[in-house]
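Okay, data34.txt is below, compact mmCIF, C-alpha atoms:
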# COMPACT_ATOMS: atom_id res chain seq x y z
CA MET K 1 112.01 -12.12 21.41
CA THR K 2 113.76 -13.36 18.30
CA VAL K 3 114.57 -10.98 15.46
CA THR K 4 115.00 -12.33 11.95
CA GLU K 5 118.19 -11.54 10.06
CA ALA K 6 116.21 -9.70 7.40
CA THR K 7 114.86 -7.20 9.91
CA ARG K 8 116.63 -3.90 10.58
CA THR K 9 116.58 -2.90 14.22
CA ILE K 10 117.03 0.01 16.59
CA GLU K 11 118.47 -0.15 20.08
CA LEU K 12 116.61 0.57 23.29
CA PRO K 13 118.48 2.22 26.20
CA SER K 14 118.62 -1.25 27.81
CA GLY K 15 120.75 -2.46 24.90
CA GLU K 16 117.97 -4.66 23.54
CA HIS K 17 117.26 -4.44 19.82
CA ILE K 18 113.72 -4.10 18.48
CA PRO K 19 112.45 -4.18 14.89
CA MET K 20 112.65 -0.85 13.08
CA LEU K 21 109.30 -1.63 11.46
CA GLY K 22 106.44 -2.92 13.60
CA GLN K 23 102.66 -3.08 13.53
CA GLY K 24 100.07 -0.74 15.02
CA THR K 25 96.56 -1.73 16.10
CA TRP K 26 94.71 1.57 16.39
CA HIS K 27 91.21 1.04 14.86
CA LEU K 28 91.63 -2.74 14.80
CA ALA K 29 89.07 -4.93 16.63
CA GLU K 30 86.34 -2.36 16.00
CA ASN K 31 84.42 -4.50 13.48
CA PRO K 32 83.91 -8.23 14.25
CA LEU K 33 83.64 -8.94 10.50
CA ASN K 34 87.31 -7.96 10.08
CA ARG K 35 88.63 -10.07 12.96
CA THR K 36 89.88 -13.07 10.96
CA ASN K 37 91.74 -10.86 8.48
CA GLU K 38 93.22 -8.69 11.26
CA ILE K 39 94.60 -11.74 13.08
CA LYS K 40 96.05 -13.08 9.81
CA ALA K 41 97.67 -9.68 9.21
CA LEU K 42 99.29 -9.56 12.65
CA ARG K 43 100.57 -13.14 12.32
CA LEU K 44 101.96 -12.46 8.87
CA GLY K 45 103.75 -9.43 10.28
CA ILE K 46 105.45 -11.66 12.83
CA ASP K 47 106.40 -14.07 10.02
CA LEU K 48 107.99 -11.18 8.15
CA GLY K 49 110.02 -9.96 11.12
CA MET K 50 107.68 -7.10 12.11
CA ASN K 51 107.61 -8.57 15.61
CA LEU K 52 106.88 -5.32 17.44
CA ILE K 53 103.12 -5.01 17.98
CA ASP K 54 101.78 -1.78 19.47
CA THR K 55 98.40 -1.59 21.20
CA ALA K 56 96.69 0.23 24.08
CA GLU K 57 93.95 -0.22 26.64
CA MET K 58 92.07 2.56 24.83
CA TYR K 59 91.93 0.87 21.42
CA ALA K 60 88.49 -0.65 20.86
CA ASP K 61 88.01 -0.37 24.64
CA GLY K 62 90.41 -3.26 25.28
CA GLY K 63 89.37 -5.18 22.19
CA ALA K 64 92.64 -4.54 20.37
CA GLU K 65 94.61 -6.07 23.25
CA ARG K 66 92.40 -9.16 23.14
CA LEU K 67 92.91 -9.36 19.37
CA VAL K 68 96.69 -9.14 19.79
CA GLY K 69 96.53 -11.80 22.50
CA GLU K 70 94.81 -14.17 20.09
CA ALA K 71 97.23 -13.36 17.26
CA ILE K 72 100.36 -14.07 19.33
CA LYS K 73 99.04 -17.26 20.97
CA GLY K 74 101.88 -19.77 20.87
CA ARG K 75 104.27 -17.09 19.54
CA ARG K 76 104.88 -14.93 22.60
CA ASP K 77 108.64 -15.44 22.46
CA GLU K 78 108.69 -14.05 18.91
CA SER K 79 106.85 -10.85 19.79
CA PHE K 80 107.74 -7.51 21.35
CA LEU K 81 104.53 -6.17 22.92
CA VAL K 82 103.87 -2.47 23.50
CA SER K 83 100.77 -1.24 25.33
CA LYS K 84 99.66 2.00 26.98
CA VAL K 85 97.92 3.27 30.08
CA LEU K 86 95.40 6.11 29.74
CA PRO K 87 96.30 9.31 31.63
CA GLN K 88 93.13 9.11 33.75
CA ASN K 89 94.37 5.74 35.03
CA ALA K 90 97.96 6.86 35.57
CA THR K 91 98.04 7.24 39.36
CA ARG K 92 100.35 4.82 41.16
CA GLN K 93 97.64 2.28 41.98
CA GLY K 94 95.67 3.05 38.82
CA THR K 95 98.66 2.32 36.59
CA ILE K 96 99.30 -1.01 38.27
CA ALA K 97 95.61 -1.98 38.00
CA ALA K 98 95.48 -0.93 34.33
CA CYS K 99 98.60 -2.96 33.58
CA ASN K 100 97.08 -6.02 35.22
CA ARG K 101 93.96 -5.63 33.07
CA SER K 102 96.09 -5.29 29.92
CA LEU K 103 98.10 -8.39 30.84
CA ALA K 104 94.87 -10.35 31.26
CA ARG K 105 93.48 -9.19 27.91
CA LEU K 106 96.76 -9.95 26.14
CA GLY K 107 97.02 -13.32 27.86
CA VAL K 108 100.66 -12.74 28.84
CA HIS K 109 102.65 -12.37 32.07
CA GLU K 110 104.78 -9.44 30.97
CA ILE K 111 104.56 -6.43 28.60
CA ASP K 112 107.82 -5.56 26.87
CA LEU K 113 107.24 -1.78 26.74
CA TYR K 114 104.49 0.03 28.66
CA LEU K 115 103.75 3.65 27.81
CA LEU K 116 101.84 6.56 29.31
CA HIS K 117 99.49 7.34 26.41
CA TRP K 118 99.67 11.11 26.91
CA ARG K 119 100.13 13.53 29.81
CA GLY K 120 97.22 14.03 32.13
CA LEU K 121 96.72 15.59 35.56
CA THR K 122 98.58 12.93 37.55
CA PRO K 123 102.09 14.06 38.55
CA LEU K 124 104.66 12.35 36.33
CA GLU K 125 106.63 11.25 39.38
CA GLU K 126 103.69 9.12 40.51
CA THR K 127 103.36 7.38 37.14
CA VAL K 128 107.10 6.77 36.95
CA ASP K 129 106.98 5.29 40.44
CA ALA K 130 104.25 2.89 39.27
CA PHE K 131 106.24 1.96 36.17
CA GLU K 132 109.30 1.18 38.26
CA ALA K 133 107.18 -0.94 40.62
CA LEU K 134 105.83 -2.88 37.62
CA VAL K 135 109.38 -3.47 36.35
CA GLY K 136 110.35 -4.72 39.80
CA ALA K 137 107.34 -7.06 39.86
CA GLY K 138 108.27 -8.52 36.46
CA LYS K 139 105.07 -7.28 34.82
CA ILE K 140 106.77 -4.93 32.37
CA ARG K 141 110.33 -4.92 31.06
CA ASN K 142 110.62 -1.31 29.89
CA TRP K 143 108.51 1.81 30.21
CA GLY K 144 108.14 4.94 28.13
CA VAL K 145 105.81 7.71 27.10
CA SER K 146 103.69 8.81 24.16
CA ASN K 147 102.83 12.27 22.83
CA PHE K 148 105.53 13.96 24.97
CA ASP K 149 107.14 17.10 23.56
CA ILE K 150 110.68 18.22 24.38
CA GLY K 151 109.67 20.15 27.52
CA ASP K 152 107.82 17.10 28.86
CA MET K 153 110.83 14.88 28.14
CA GLN K 154 113.25 17.24 29.87
CA GLU K 155 110.98 17.38 32.90
CA LEU K 156 110.66 13.59 32.88
CA VAL K 157 114.37 12.76 32.79
CA ASP K 158 115.02 15.10 35.73
CA LEU K 159 112.71 13.04 37.98
CA PRO K 160 113.95 10.16 40.15
CA ASN K 161 114.24 7.18 37.75
CA GLY K 162 112.92 9.37 34.92
CA ALA K 163 116.05 8.74 32.88
CA ASN K 164 114.91 5.11 32.55
CA VAL K 165 112.44 6.19 29.85
CA ALA K 166 112.83 3.77 26.94
CA ALA K 167 110.89 5.50 24.12
CA ASP K 168 108.69 8.40 23.09
CA GLN K 169 105.88 7.45 20.71
CA VAL K 170 104.74 10.42 18.61
CA LEU K 171 102.93 11.29 15.40
CA TYR K 172 105.52 11.57 12.63
CA ASN K 173 105.24 11.43 8.87
CA LEU K 174 105.99 13.50 5.77
CA GLU K 175 103.17 15.94 6.53
CA ARG K 176 103.95 16.14 10.28
CA ARG K 177 107.64 16.96 10.56
CA GLY K 178 107.54 19.31 13.55
CA ILE K 179 109.51 16.96 15.82
CA GLU K 180 112.55 17.35 13.57
CA PHE K 181 113.11 20.88 14.88
CA ASP K 182 113.92 19.99 18.50
CA LEU K 183 112.29 16.83 19.90
CA MET K 184 113.92 14.34 17.54
CA PRO K 185 117.45 15.77 17.93
CA TRP K 186 116.97 15.73 21.71
CA CYS K 187 115.81 12.09 21.65
CA GLN K 188 118.68 11.08 19.38
CA SER K 189 121.31 12.76 21.56
CA SER K 190 119.72 11.29 24.70
CA GLY K 191 119.50 7.77 23.28
CA VAL K 192 115.70 7.67 23.51
CA PRO K 193 114.10 5.92 20.50
CA VAL K 194 111.23 7.62 18.69
CA MET K 195 108.28 5.41 17.73
CA ALA K 196 106.40 6.98 14.82
CA TYR K 197 102.67 6.37 14.75
CA SER K 198 100.51 7.16 11.69
CA PRO K 199 103.67 7.10 9.53
CA ILE K 200 101.63 7.35 6.33
CA GLU K 201 99.09 9.81 7.82
CA GLN K 202 96.38 7.11 7.71
CA GLY K 203 96.84 6.96 3.93
CA ARG K 204 96.19 10.65 3.26
CA VAL K 205 99.82 11.41 2.37
CA LEU K 206 99.81 8.83 -0.42
CA ARG K 207 97.82 10.95 -2.88
CA HIS K 208 100.67 13.42 -3.43
CA VAL K 209 102.11 13.37 -6.96
CA THR K 210 105.70 13.58 -5.66
CA LEU K 211 105.30 10.33 -3.76
CA LYS K 212 103.81 8.61 -6.78
CA THR K 213 106.61 9.87 -9.01
CA ILE K 214 109.36 8.68 -6.65
CA ALA K 215 107.60 5.35 -6.15
CA ALA K 216 107.51 4.79 -9.92
CA ARG K 217 111.19 5.74 -10.14
CA LEU K 218 112.13 3.19 -7.48
CA GLY K 219 109.75 0.42 -8.47
CA ALA K 220 108.01 0.79 -5.12
CA THR K 221 104.59 1.92 -3.89
CA PRO K 222 103.83 5.36 -2.43
CA ALA K 223 103.27 3.76 0.99
CA GLN K 224 106.69 2.11 0.86
CA VAL K 225 108.33 5.42 -0.03
CA ALA K 226 106.54 7.20 2.84
CA LEU K 227 107.60 4.50 5.31
CA ALA K 228 111.17 4.38 4.01
CA TRP K 229 111.35 8.15 4.52
CA VAL K 230 110.33 7.82 8.19
CA LEU K 231 112.78 4.96 8.73
CA ARG K 232 115.73 6.90 7.27
CA GLN K 233 116.30 8.59 10.64
CA ASP K 234 118.56 7.13 13.31
CA GLY K 235 116.75 5.77 16.34
CA VAL K 236 113.30 5.84 14.74
CA CYS K 237 110.91 2.93 14.34
CA ALA K 238 107.49 3.03 12.70
CA ILE K 239 104.26 1.25 13.60
CA PRO K 240 101.90 1.43 10.60
CA GLN K 241 98.48 -0.07 11.28
CA SER K 242 97.12 -2.61 8.86
CA GLY K 243 94.31 -5.11 9.21
CA LYS K 244 94.94 -6.66 5.80
CA PRO K 245 97.70 -9.19 5.05
CA GLU K 246 98.42 -7.65 1.64
CA HIS K 247 99.07 -4.27 3.25
CA VAL K 248 101.37 -5.84 5.85
CA ARG K 249 103.41 -7.42 3.06
CA GLU K 250 103.54 -4.06 1.28
CA ASN K 251 104.70 -2.34 4.48
CA ARG K 252 107.47 -4.89 4.93
CA GLY K 253 108.76 -3.99 1.45
CA ALA K 254 109.58 -0.49 2.73
CA LEU K 255 112.67 -1.92 4.43
CA ASP K 256 114.10 -2.72 1.00
CA VAL K 257 113.55 0.80 -0.41
CA ARG K 258 116.62 3.03 -0.54
CA LEU K 259 115.85 6.69 -1.11
CA THR K 260 118.43 8.63 -3.12
CA PRO K 261 119.60 12.17 -2.28
CA GLN K 262 117.43 13.36 -5.18
CA ASP K 263 114.39 11.54 -3.76
CA LEU K 264 114.95 13.18 -0.38
CA ALA K 265 115.40 16.61 -1.97
CA ASP K 266 112.16 16.20 -3.93
CA LEU K 267 110.31 15.19 -0.76
CA ASP K 268 111.75 18.17 1.15
CA GLU K 269 110.46 20.47 -1.57
CA THR K 270 106.94 19.04 -1.35
CA PHE K 271 106.97 18.53 2.42
CA PRO K 272 109.28 21.22 3.83
CA PRO K 273 111.13 20.53 7.10
CA PRO K 274 110.28 22.82 10.05
CA HIS K 275 112.22 26.05 10.45
CA ARG K 276 110.74 26.96 13.83
CA LYS K 277 109.22 25.32 16.87
CA GLN K 278 105.77 23.84 16.20
CA PRO K 279 103.14 22.50 18.62
CA LEU K 280 103.40 18.71 18.92
CA ALA K 281 100.96 17.10 16.50
CA THR K 282 98.80 14.41 18.09
CA HIS K 283 96.01 13.76 15.56
As structure tokens, what does this structure read like?
Amino acid sequence: MTVTEATRTIELPSGEHIPMLGQGTWHLAENPLNRTNEIKALRLGIDLGMNLIDTAEMYADGGAERLVGEAIKGRRDESFLVSKVLPQNATRQGTIAACNRSLARLGVHEIDLYLLHWRGLTPLEETVDAFEALVGAGKIRNWGVSNFDIGDMQELVDLPNGANVAADQVLYNLERRGIEFDLMPWCQSSGVPVMAYSPIEQGRVLRHVTLKTIAARLGATPAQVALAWVLRQDGVCAIPQSGKPEHVRENRGALDVRLTPQDLADLDETFPPPHRKQPLATH
């Protein structure tokens, strides 16, 4: 995957660098009338250096993976693909079969980062074993997890090959700061990147007056301020979903926003950081 000079990056445990700002596909491919615009949006994101595209077998029942496959046709070497296996498929054989289905829908030979979508009943050791087998077979390059709290991560890294985990994808935005209390510091000290999904709380966070005030002060939009706030942390990348090219371009502008100490103080006042352990937010 090539990364443009204009794109800020974070480092995976493997030493590979990925874009700090990518693209999510949750809720894409659900309406055929939006398909053309959604493909244009994903392709524009690649043009703008937002090469990381996150999807999952669950999204639109495989439709999002097919959409991504169409969007990256002829541009595979420019893209960093992330997909996920559902916990009910996460047995050793089930994970391998699910990965093969995802590869077919994406139209690629290899997924760059393959995640367990959330914890289920299958022992973690079995899923990790499947991930390692897929790496050995050249079907995935890295593996990670999603919606894992600090206890899950500590359990994971103590397993055979568990320390090979390459990322934890979690819900993180101004209104959902719980991970800052313990999970984020643990990930940062362990060198495990955090991938923030719903970084603008599906748009709900943007109505706050504080965001609008700071955006006006900086000559930015509220969405750009909210994204810049997420991206201020070391080892954090964000994957906002957008099916519209104009929103993708707006998201890209967040990389050029520099929040001042006063901006950050104002945001802390409106959206206080956690002072105690909170349950991991997932929706």
Fill in: Nearest to Asp152 of chain K, chosen from K:Arg119, K:Arg101, K:His27, K:Lys139, with all atoms listed in the file counted in the distances
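Smallest distance to Asp152 of chain K is found for K:Arg119.
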Worksheet entry | Spatial neighbours of Leu134 of chain K, 9 Å, only C-alpha atoms, chain gap at least 4 places, as a list in words |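 Neighbouring residues, sequence-local ones excluded: Thr95, Ile96, Cys99, Asp129, Ala130, Gly138, Lys139, Ile140 and Arg141 of chain K.
Atom CA of Leu227 of chain K is found 19.8 Å from atom CA of Cys187 of chain K.
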Discussion item. Env of Asp112 of chain K: 9 Å cut, atoms = only C-alpha atoms, seq-sep filter 4 positions within chain, self excluded. Answer as a VMD selection string.
Written reply: chain K and resid 79 to 83 139 to 143
Practice prompt. Using all atoms listed in the file, find the one residue out of K:Ala60, K:Ile239, K:Ala97, K:Leu42 that sits nearest to Lys73 of chain K.
Written response: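 For Lys73 of chain K, the nearest of the candidates is K:Leu42.
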Discussion item. Using all atoms listed in the file for the distances, tell me which of K:Cys237, K:Ala166, K:Ala220, K:Ile111 is nearest to Tyr197 of chain K.
Written reply: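 Among the listed residues, the smallest separation from Tyr197 of chain K belongs to K:Cys237.
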Could you please give me, as a short mmCIF file (atom, residue, chain, number, x, y, z; two decimals) with C-alpha atoms, in the coordinates of the input, the residues of protein, DNA or RNA lying at most 10 Å from (118.9, 10.6, 24.0) in the coordinate frame of the file, considering all atoms listed in the file?
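Okay, this is what ended up in selection25.cif:
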data_model
loop_
_atom_site.label_atom_id
_atom_site.label_comp_id
_atom_site.auth_asym_id
_atom_site.auth_seq_id
_atom_site.Cartn_x
_atom_site.Cartn_y
_atom_site.Cartn_z
CA PRO K 13 118.48 2.22 26.20
CA ALA K 163 116.05 8.74 32.88
CA VAL K 165 112.44 6.19 29.85
CA ALA K 166 112.83 3.77 26.94
CA ALA K 167 110.89 5.50 24.12
CA LEU K 183 112.29 16.83 19.90
CA MET K 184 113.92 14.34 17.54
CA PRO K 185 117.45 15.77 17.93
CA TRP K 186 116.97 15.73 21.71
CA CYS K 187 115.81 12.09 21.65
CA GLN K 188 118.68 11.08 19.38
CA SER K 189 121.31 12.76 21.56
CA SER K 190 119.72 11.29 24.70
CA GLY K 191 119.50 7.77 23.28
CA VAL K 192 115.70 7.67 23.51
CA PRO K 193 114.10 5.92 20.50
CA VAL K 194 111.23 7.62 18.69
CA GLY K 235 116.75 5.77 16.34
#
Worksheet entry | Selected residue, from K:Val135, K:Leu67, K:Met50, K:Ala90, that lies nearest to Pro240 of chain K when counting all atoms listed in the file | K:Met50
Worksheet item: Nearest to Asn161 of chain K: which of K:Gln93, K:Met20, K:Thr127, K:Leu206 is it, counting only C-alpha atoms?
Response: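 Closest to Asn161 of chain K of all the choices is K:Thr127.
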Item to complete: Work out how far apart atom CA of Leu28 of chain K and atom CA of Glu16 of chain K are and give it in Å to one decimal.
Response: 27.8 Å
Practice prompt. Quote the spacing between atom CA of Pro261 of chain K and atom CA of Pro274 of chain K in Å to one decimal place.
Written response: 18.8 Å
Fill in: Close residues, Ile46 of chain K itself excluded, 9 Å, all atoms listed in the file, min 6 positions apart in chain, as a list in words
Gly22, Leu52, Ile53, Ile72, Arg75, Glu78 and Ser79 of chain K
Can you tell me, as a compact mmCIF listing (two decimals) with C-alpha atoms, keeping the file's coordinate frame, what residues are no more than 12 Å from Pro273 of chain K when counting only C-alpha atoms, ignoring any on the same chain fewer than 6 positions away?
# COMPACT_ATOMS: atom_id res chain seq x y z
CA TYR K 172 105.52 11.57 12.63
CA ASN K 173 105.24 11.43 8.87
CA LEU K 174 105.99 13.50 5.77
CA GLU K 175 103.17 15.94 6.53
CA ARG K 176 103.95 16.14 10.28
CA ARG K 177 107.64 16.96 10.56
CA GLY K 178 107.54 19.31 13.55
CA ILE K 179 109.51 16.96 15.82
CA GLU K 180 112.55 17.35 13.57
CA PHE K 181 113.11 20.88 14.88
CA ASP K 182 113.92 19.99 18.50
CA LEU K 264 114.95 13.18 -0.38
CA ALA K 265 115.40 16.61 -1.97
CA ASP K 266 112.16 16.20 -3.93
CA LEU K 267 110.31 15.19 -0.76
Practice prompt. Can you work out which one of K:Ile214, K:Val248, K:Leu44, K:Val230 has the shortest atom-to-atom distance to Thr260 of chain K, counting only C-alpha atoms?
Written response: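 Smallest separation from Thr260 of chain K among the options: K:Ile214.
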Worksheet item: Hey, can you pull every residue with an atom no more than 8 Å from (101.6, 14.9, 27.5), using only C-alpha atoms, and send it as a PyMOL selection string?
Response: chain K and resi 117-120+146-149+152
